[in-house]
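What follows is the content of work.txt (compact mmCIF, C-alpha atoms and all ligand atoms).
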```txt
# COMPACT_ATOMS: atom_id res chain seq x y z
CA MET A 1 0.85 24.55 -5.74
CA SER A 2 1.67 21.29 -4.02
CA ARG A 3 -0.93 19.45 -2.00
CA GLY A 4 -1.20 16.45 0.24
CA ALA A 5 -1.75 12.89 -0.90
CA VAL A 6 -2.88 9.70 0.74
CA PHE A 7 -0.48 6.85 0.05
CA VAL A 8 -1.98 3.40 0.51
CA ASP A 9 -0.37 0.00 0.76
CA ARG A 10 -1.87 -2.82 -1.30
CA ASP A 11 -1.81 -6.33 0.24
CA GLY A 12 -3.67 -6.49 3.56
CA THR A 13 -4.91 -2.93 3.00
CA LEU A 14 -6.84 -3.02 -0.30
CA ASN A 15 -6.89 -6.74 -1.04
CA ALA A 16 -6.97 -9.75 1.21
CA LEU A 17 -3.90 -11.85 1.89
CA VAL A 18 -3.92 -15.48 0.77
CA ALA A 19 -2.27 -18.52 2.34
CA ASP A 20 1.16 -19.08 0.84
CA PRO A 21 1.24 -22.57 -0.75
CA ALA A 22 4.66 -23.26 0.78
CA SER A 23 4.51 -21.73 4.26
CA GLY A 24 0.77 -21.51 4.85
CA LYS A 25 1.29 -17.93 6.06
CA PRO A 26 -0.93 -15.13 4.77
CA GLU A 27 0.95 -13.49 1.89
CA SER A 28 0.40 -11.46 -1.29
CA PRO A 29 -1.79 -13.11 -3.91
CA LEU A 30 0.41 -14.43 -6.72
CA ARG A 31 -2.36 -15.28 -9.22
CA ASP A 32 -4.96 -12.82 -10.48
CA THR A 33 -7.70 -15.34 -9.69
CA ASP A 34 -6.69 -15.13 -6.00
CA VAL A 35 -7.32 -11.38 -5.74
CA GLU A 36 -10.18 -10.37 -3.45
CA LEU A 37 -10.70 -6.85 -2.19
CA ILE A 38 -11.22 -6.27 1.52
CA PRO A 39 -14.84 -5.19 2.02
CA GLY A 40 -15.11 -1.39 2.22
CA ALA A 41 -11.60 -0.74 0.90
CA ALA A 42 -12.46 0.42 -2.62
CA PRO A 43 -15.36 2.64 -1.49
CA ALA A 44 -12.95 4.19 1.02
CA ILE A 45 -10.54 5.10 -1.79
CA ARG A 46 -13.46 6.57 -3.71
CA SER A 47 -14.45 8.67 -0.68
CA LEU A 48 -10.92 10.05 -0.44
CA THR A 49 -10.82 11.14 -4.08
CA GLU A 50 -14.32 12.62 -3.83
CA ALA A 51 -13.07 14.66 -0.87
CA GLY A 52 -10.25 16.02 -3.02
CA TRP A 53 -7.35 13.81 -1.98
CA THR A 54 -4.85 12.44 -4.45
CA VAL A 55 -4.57 8.70 -3.76
CA ILE A 56 -1.38 6.84 -4.66
CA GLY A 57 -0.68 3.13 -4.12
CA ALA A 58 2.71 2.05 -2.75
CA SER A 59 3.51 -1.66 -2.57
CA ASN A 60 6.43 -4.06 -2.15
CA GLN A 61 6.15 -7.01 -4.56
CA PRO A 62 9.30 -9.13 -4.22
CA ALA A 63 7.98 -12.49 -5.49
CA ALA A 64 9.56 -12.12 -8.95
CA ALA A 65 12.89 -11.12 -7.42
CA LYS A 66 12.70 -14.32 -5.37
CA GLY A 67 12.14 -16.33 -8.55
CA ARG A 68 8.68 -17.49 -7.49
CA VAL A 69 6.67 -15.89 -10.29
CA SER A 70 7.39 -13.87 -13.42
CA LEU A 71 7.15 -10.10 -13.61
CA ALA A 72 4.33 -10.62 -16.11
CA GLN A 73 2.38 -12.67 -13.57
CA LEU A 74 2.90 -9.98 -10.91
CA ALA A 75 1.57 -7.47 -13.41
CA THR A 76 -1.62 -9.48 -13.92
CA VAL A 77 -2.22 -9.52 -10.14
CA GLN A 78 -1.67 -5.76 -9.93
CA ALA A 79 -3.99 -5.17 -12.88
CA ARG A 80 -6.68 -7.27 -11.19
CA VAL A 81 -6.44 -5.25 -7.96
CA VAL A 82 -6.78 -2.00 -9.88
CA GLN A 83 -9.63 -3.39 -12.01
CA LEU A 84 -11.65 -4.64 -9.03
CA ALA A 85 -11.11 -1.33 -7.24
CA ALA A 86 -12.19 0.60 -10.33
CA GLU A 87 -15.38 -1.47 -10.54
CA GLU A 88 -16.27 0.04 -7.15
CA GLY A 89 -15.35 3.55 -8.23
CA ALA A 90 -11.82 3.71 -6.80
CA ARG A 91 -9.23 5.58 -8.86
CA PHE A 92 -5.52 5.89 -8.13
CA ALA A 93 -3.53 8.84 -9.41
CA ASP A 94 -0.52 6.51 -9.48
CA PHE A 95 0.53 3.12 -8.14
CA ARG A 96 4.20 2.68 -7.30
CA ILE A 97 5.67 -0.78 -6.82
CA CYS A 98 9.05 -1.94 -5.53
CA LEU A 99 9.95 -5.16 -7.34
CA HIS A 100 13.24 -5.67 -5.51
CA HIS A 101 14.35 -7.93 -2.69
CA PRO A 102 17.65 -7.75 -0.83
CA ASN A 103 18.03 -11.56 -0.91
CA GLY A 104 16.47 -12.15 -4.31
CA VAL A 105 17.88 -14.55 -6.87
CA VAL A 106 16.92 -12.80 -10.10
CA GLU A 107 19.48 -10.50 -11.66
CA GLY A 108 18.41 -6.88 -11.81
CA LEU A 109 15.75 -7.27 -9.09
CA SER A 110 17.99 -8.40 -6.25
CA GLY A 111 19.99 -6.43 -3.76
CA ALA A 112 19.48 -3.23 -1.84
CA CYS A 113 17.22 -0.54 -3.28
CA GLU A 114 15.87 2.79 -2.15
CA CYS A 115 12.21 1.93 -2.73
CA ARG A 116 11.45 -1.20 -0.69
CA LYS A 117 9.40 -0.11 2.32
CA PRO A 118 10.38 0.67 5.11
CA LYS A 119 12.50 2.92 2.88
CA PRO A 120 10.58 5.95 1.60
CA GLY A 121 11.65 5.82 -2.08
CA LEU A 122 8.22 4.98 -3.52
CA LEU A 123 6.68 7.93 -1.70
CA LEU A 124 9.51 10.32 -2.52
CA GLU A 125 9.41 9.46 -6.24
CA ALA A 126 5.64 9.82 -6.37
CA ALA A 127 5.81 13.13 -4.53
CA ARG A 128 8.26 14.50 -7.10
CA ALA A 129 6.17 13.23 -10.01
CA HIS A 130 2.87 14.63 -8.72
CA ASP A 131 4.05 17.74 -6.84
CA ILE A 132 2.91 16.33 -3.51
CA ASP A 133 3.52 18.06 -0.18
CA LEU A 134 4.67 15.13 1.98
CA SER A 135 4.16 17.03 5.24
CA ALA A 136 0.47 17.32 4.33
CA SER A 137 0.26 13.65 3.33
CA TRP A 138 -0.67 10.35 4.92
CA MET A 139 0.60 6.78 4.54
CA ILE A 140 -1.88 4.02 5.38
CA GLY A 141 -0.85 0.36 5.63
CA ASP A 142 -1.03 -2.81 7.65
CA THR A 143 2.62 -3.33 8.61
CA ASP A 144 5.35 -1.59 10.56
CA ALA A 145 7.20 -1.11 7.25
CA ASP A 146 4.34 1.06 5.97
CA VAL A 147 4.45 3.28 9.03
CA LEU A 148 8.24 3.57 8.90
CA ALA A 149 8.21 4.42 5.17
CA GLY A 150 5.57 7.07 5.75
CA GLN A 151 7.46 8.57 8.65
CA ALA A 152 10.76 8.53 6.73
CA ALA A 153 9.02 10.47 3.95
CA GLY A 154 7.68 13.03 6.45
CA CYS A 155 4.05 11.90 6.32
CA ARG A 156 1.54 11.19 9.05
CA THR A 157 0.58 7.53 9.24
CA VAL A 158 -2.29 5.15 9.99
CA LEU A 159 -1.49 1.54 10.90
CA LEU A 160 -4.23 -0.94 10.01
CA GLU A 161 -4.49 -3.80 12.46
CA HIS A 162 -5.41 -6.43 9.88
CA PRO A 163 -5.52 -9.77 11.74
CA ALA A 164 -3.79 -11.76 8.96
CA SER A 165 -0.71 -9.52 9.00
CA ALA A 166 -0.23 -9.31 12.77
CA HIS A 167 3.15 -11.06 12.30
CA ARG A 168 4.36 -7.98 10.41
CA ARG A 169 3.60 -5.63 13.30
CA ASN A 170 5.81 -5.56 16.35
CA ALA A 171 4.48 -2.47 18.12
CA ASP A 172 7.88 -0.81 17.75
CA VAL A 173 6.33 1.93 15.67
CA THR A 174 4.20 4.88 16.68
CA PRO A 175 1.69 5.70 13.95
CA THR A 176 -0.43 8.84 14.13
CA ALA A 177 -3.40 6.48 14.56
CA ALA A 178 -4.22 2.77 14.51
CA MET A 179 -7.44 1.56 12.92
CA PRO A 180 -8.98 -1.85 12.16
CA ASP A 181 -9.17 -1.39 8.38
CA LEU A 182 -9.02 1.08 5.50
CA ASP A 183 -12.71 1.89 5.73
CA ALA A 184 -12.34 2.95 9.37
CA ALA A 185 -9.09 4.80 8.66
CA VAL A 186 -10.63 6.87 5.88
CA THR A 187 -13.77 7.63 7.88
CA TRP A 188 -11.52 8.87 10.70
CA LEU A 189 -9.23 10.81 8.38
CA LEU A 190 -12.09 12.56 6.60
CA SER A 191 -13.78 13.43 9.88
CA ARG A 192 -10.65 14.98 11.40
CA SER A 193 -9.18 16.99 8.57
CA LEU A 194 -10.10 18.89 5.50
CA VAL A 195 -7.73 18.77 2.55
CA ASP A 196 -4.74 20.94 3.48
MG MG A 201 0.37 -4.75 3.41
ZN ZN A 202 12.89 -1.36 -4.60
```

What is this file in structure tokens?
Amino acid sequence: MSRGAVFVDRDGTLNALVADPASGKPESPLRDTDVELIPGAAPAIRSLTEAGWTVIGASNQPAAAKGRVSLAQLATVQARVVQLAAEEGARFADFRICLHHPNGVVEGLSGACECRKPKPGLLLEAARAHDIDLSASWMIGDTDADVLAGQAAGCRTVLLEHPASAHRRNADVTPTAAMPDLDAAVTWLLSRSLVD
């Protein structure tokens, strides 16, 4: 019988953003040594799984498509996020990543895709793989693209108002709720609803 899941974004939701060496803007970490979890994020994931929720990561990682780093380097960053989260008891049932970018320069990773948020492909694929009921599910992330992807997949959504990613929120979206961080979002979610 299918059940709900909580989909969570990665950068700005689980781990902190880091200043891009070129632009100075807060962006995804591109080296594993730059990965730092946001305080309270991993324990929040642990609380969700302890309450019976399936937790699935869903992240856009276009830096290899843009030719800035290798796929192998992106993989080391992802592994570090998962490792640090696991050290605090957080387990993901799955972690889906879009490696594409519409204006990328690397063959095979560039051009339109169905999985780059705000498209819902990552959530739809994960739902098929894990027999997830999307109408009983949530998407939590710190940008408008996260909310739009969640809504396009038929999920309820929580927008995290992470200060460093304010430039990726334009208030054109209407999430189910807005919260300061993942810790607050999960506390709210667990207080309002039992697992469907
Ligand atoms: Mg994010
Ligand atoms: Zn994609």

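Near ligand ZN 202 (chain A), the residues found within 10 Å are Ser59, Asn60, Gln61, Pro62, Arg96, Ile97, Cys98, Leu99, His100, His101, Pro102, Leu109, Ser110, Gly111, Ala112, Cys113, Glu114, Cys115, Arg116, Lys117, Lys119, Pro120, Gly121 and Leu122 of chain A (criterion computed using all atoms listed in the file).
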
Residue neighbourhood region 176-187 of chain A, 12 Å, all atoms listed in the file, exclusion window fewer than 5 positions, as a PyMOL selection string = chain A and resi 6-16+37-51+53+55+137-144+147-148+150-151+154-166+169+171+192-193

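Nearest-residue note for ligand MG 201 (chain A): choosing from A:Glu27, A:Glu36, A:Asp172, A:Glu125, the minimum distance belongs to A:Glu27, counting all atoms listed in the file.
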
For ligand MG 201 (chain A), the closest of A:Leu189, A:Ala145, A:Ala75, A:Asn170 counting all atoms listed in the file is A:Ala145

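Relative to atom MG of ligand MG 201 (chain A), CA of Trp188 (chain A) is found at 19.5 Å.
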
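The gap separating CA of Phe92 (chain A) from CA of Ser28 (chain A) is 19.6 Å, in Å to one decimal.
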
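Put simply, CA of Pro175 (chain A) is 13.4 Å away from CA of Pro118 (chain A).
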
Write out as number ranges by chain which residues come within 6 Å of Phe95 (chain A) when counting all atoms listed in the file, dropping same-chain ones fewer than 2 positions away.
-> A: 56-58

Restricting the calculation to only C-alpha atoms and all ligand atoms, which member of A:Ala93, A:Asp146, A:Ala85, A:Leu190 is positioned closest to ligand MG 201 (chain A)?
-> A:Asp146

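Excluding region 68-73 of chain A itself and same-chain residues fewer than 2 positions from it, the residues having an atom within 10 Å of it are Leu30, Arg31, Asp32, Gln61, Pro62, Ala63, Ala64, Ala65, Lys66, Ala75, Thr76, Val77, Gln78, Ala79, Leu99, Gly104, Val105 and Val106 of chain A, counting all atoms listed in the file.
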
Restricting it to C-alpha atoms, dump the selection as a PDB file, in the coordinates of the input.
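File out_27.pdb, as written:
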```
ATOM      1  CA  LEU A  30       0.410 -14.430  -6.720  1.00  0.00           C
ATOM      2  CA  ARG A  31      -2.360 -15.280  -9.220  1.00  0.00           C
ATOM      3  CA  ASP A  32      -4.960 -12.820 -10.480  1.00  0.00           C
ATOM      4  CA  GLN A  61       6.150  -7.010  -4.560  1.00  0.00           C
ATOM      5  CA  PRO A  62       9.300  -9.130  -4.220  1.00  0.00           C
ATOM      6  CA  ALA A  63       7.980 -12.490  -5.490  1.00  0.00           C
ATOM      7  CA  ALA A  64       9.560 -12.120  -8.950  1.00  0.00           C
ATOM      8  CA  ALA A  65      12.890 -11.120  -7.420  1.00  0.00           C
ATOM      9  CA  LYS A  66      12.700 -14.320  -5.370  1.00  0.00           C
ATOM     10  CA  ALA A  75       1.570  -7.470 -13.410  1.00  0.00           C
ATOM     11  CA  THR A  76      -1.620  -9.480 -13.920  1.00  0.00           C
ATOM     12  CA  VAL A  77      -2.220  -9.520 -10.140  1.00  0.00           C
ATOM     13  CA  GLN A  78      -1.670  -5.760  -9.930  1.00  0.00           C
ATOM     14  CA  ALA A  79      -3.990  -5.170 -12.880  1.00  0.00           C
ATOM     15  CA  LEU A  99       9.950  -5.160  -7.340  1.00  0.00           C
ATOM     16  CA  GLY A 104      16.470 -12.150  -4.310  1.00  0.00           C
ATOM     17  CA  VAL A 105      17.880 -14.550  -6.870  1.00  0.00           C
ATOM     18  CA  VAL A 106      16.920 -12.800 -10.100  1.00  0.00           C
TER      19      VAL A 106
END
```

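Each of A:Ala136, A:Ala5, A:Ala126, A:Leu17 was checked against ligand MG 201 (chain A) using all atoms listed in the file; the smallest atom-to-atom distance is that of A:Leu17.
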
Looking at only C-alpha atoms and all ligand atoms, which of A:His167, A:Ser2, A:Ser191, A:Asp20 is the one that sits closest to ligand MG 201 (chain A)?
-> A:His167

So that I can look at just that part, could you write region 75-109 of chain A with N, CA and C atoms, as a compact mmCIF listing (two decimals), in the first residue's frame?
```txt
# COMPACT_ATOMS: atom_id res chain seq x y z
N ALA A 75 30.09 13.95 -6.87
CA ALA A 75 29.75 12.75 -6.11
C ALA A 75 30.40 12.77 -4.73
N THR A 76 31.62 13.31 -4.64
CA THR A 76 32.27 13.37 -3.33
C THR A 76 31.54 14.34 -2.40
N VAL A 77 31.02 15.43 -2.97
CA VAL A 77 30.26 16.41 -2.16
C VAL A 77 28.98 15.75 -1.65
N GLN A 78 28.28 15.07 -2.57
CA GLN A 78 27.04 14.39 -2.17
C GLN A 78 27.30 13.35 -1.08
N ALA A 79 28.38 12.59 -1.26
CA ALA A 79 28.71 11.55 -0.28
C ALA A 79 28.99 12.18 1.09
N ARG A 80 29.63 13.34 1.07
CA ARG A 80 29.95 14.01 2.34
C ARG A 80 28.67 14.49 3.04
N VAL A 81 27.72 15.02 2.27
CA VAL A 81 26.45 15.45 2.87
C VAL A 81 25.76 14.25 3.54
N VAL A 82 25.70 13.15 2.81
CA VAL A 82 25.02 11.96 3.34
C VAL A 82 25.77 11.40 4.55
N GLN A 83 27.11 11.44 4.50
CA GLN A 83 27.90 10.93 5.61
C GLN A 83 27.70 11.76 6.87
N LEU A 84 27.78 13.10 6.71
CA LEU A 84 27.60 13.97 7.89
C LEU A 84 26.20 13.81 8.46
N ALA A 85 25.21 13.68 7.59
CA ALA A 85 23.83 13.48 8.07
C ALA A 85 23.71 12.16 8.82
N ALA A 86 24.35 11.12 8.26
CA ALA A 86 24.28 9.80 8.90
C ALA A 86 24.94 9.82 10.28
N GLU A 87 25.99 10.61 10.42
CA GLU A 87 26.67 10.70 11.72
C GLU A 87 25.75 11.26 12.79
N GLU A 88 24.70 11.99 12.36
CA GLU A 88 23.71 12.50 13.31
C GLU A 88 22.42 11.69 13.26
N GLY A 89 22.50 10.51 12.66
CA GLY A 89 21.35 9.60 12.71
C GLY A 89 20.33 9.79 11.60
N ALA A 90 20.65 10.59 10.59
CA ALA A 90 19.70 10.83 9.50
C ALA A 90 19.91 9.80 8.38
N ARG A 91 18.83 9.18 7.96
CA ARG A 91 18.89 8.19 6.88
C ARG A 91 17.89 8.59 5.79
N PHE A 92 18.36 8.50 4.55
CA PHE A 92 17.49 8.78 3.41
C PHE A 92 17.14 7.46 2.72
N ALA A 93 15.87 7.30 2.39
CA ALA A 93 15.47 6.10 1.65
C ALA A 93 16.04 6.16 0.24
N ASP A 94 16.27 7.36 -0.26
CA ASP A 94 16.78 7.57 -1.61
C ASP A 94 17.24 9.02 -1.70
N PHE A 95 18.09 9.31 -2.67
CA PHE A 95 18.51 10.70 -2.88
C PHE A 95 18.63 10.88 -4.37
N ARG A 96 17.70 11.64 -4.95
CA ARG A 96 17.65 11.81 -6.40
C ARG A 96 18.28 13.14 -6.80
N ILE A 97 19.11 13.10 -7.82
CA ILE A 97 19.84 14.30 -8.22
C ILE A 97 19.69 14.54 -9.72
N CYS A 98 19.33 15.77 -10.08
CA CYS A 98 19.36 16.19 -11.49
C CYS A 98 20.73 16.78 -11.76
N LEU A 99 21.43 16.22 -12.73
CA LEU A 99 22.78 16.68 -13.07
C LEU A 99 22.78 17.59 -14.29
N HIS A 100 21.60 17.90 -14.79
CA HIS A 100 21.49 18.61 -16.07
C HIS A 100 21.44 20.13 -15.90
N HIS A 101 21.73 20.83 -16.98
CA HIS A 101 21.47 22.27 -17.02
C HIS A 101 21.10 22.66 -18.44
N PRO A 102 20.06 23.49 -18.58
CA PRO A 102 19.61 23.83 -19.94
C PRO A 102 20.69 24.52 -20.76
N ASN A 103 21.56 25.31 -20.11
CA ASN A 103 22.61 26.03 -20.83
C ASN A 103 24.00 25.46 -20.53
N GLY A 104 24.05 24.18 -20.21
CA GLY A 104 25.33 23.56 -19.91
C GLY A 104 26.21 23.46 -21.14
N VAL A 105 27.46 23.08 -20.89
CA VAL A 105 28.43 22.98 -22.00
C VAL A 105 28.94 21.55 -22.16
N VAL A 106 28.55 20.67 -21.28
CA VAL A 106 29.06 19.30 -21.32
C VAL A 106 28.03 18.40 -21.98
N GLU A 107 28.47 17.71 -23.01
CA GLU A 107 27.62 16.81 -23.78
C GLU A 107 26.99 15.76 -22.85
N GLY A 108 25.71 15.53 -23.05
CA GLY A 108 25.03 14.50 -22.27
C GLY A 108 24.42 15.04 -20.98
N LEU A 109 24.89 16.20 -20.52
CA LEU A 109 24.32 16.79 -19.30
C LEU A 109 23.60 18.10 -19.60
```
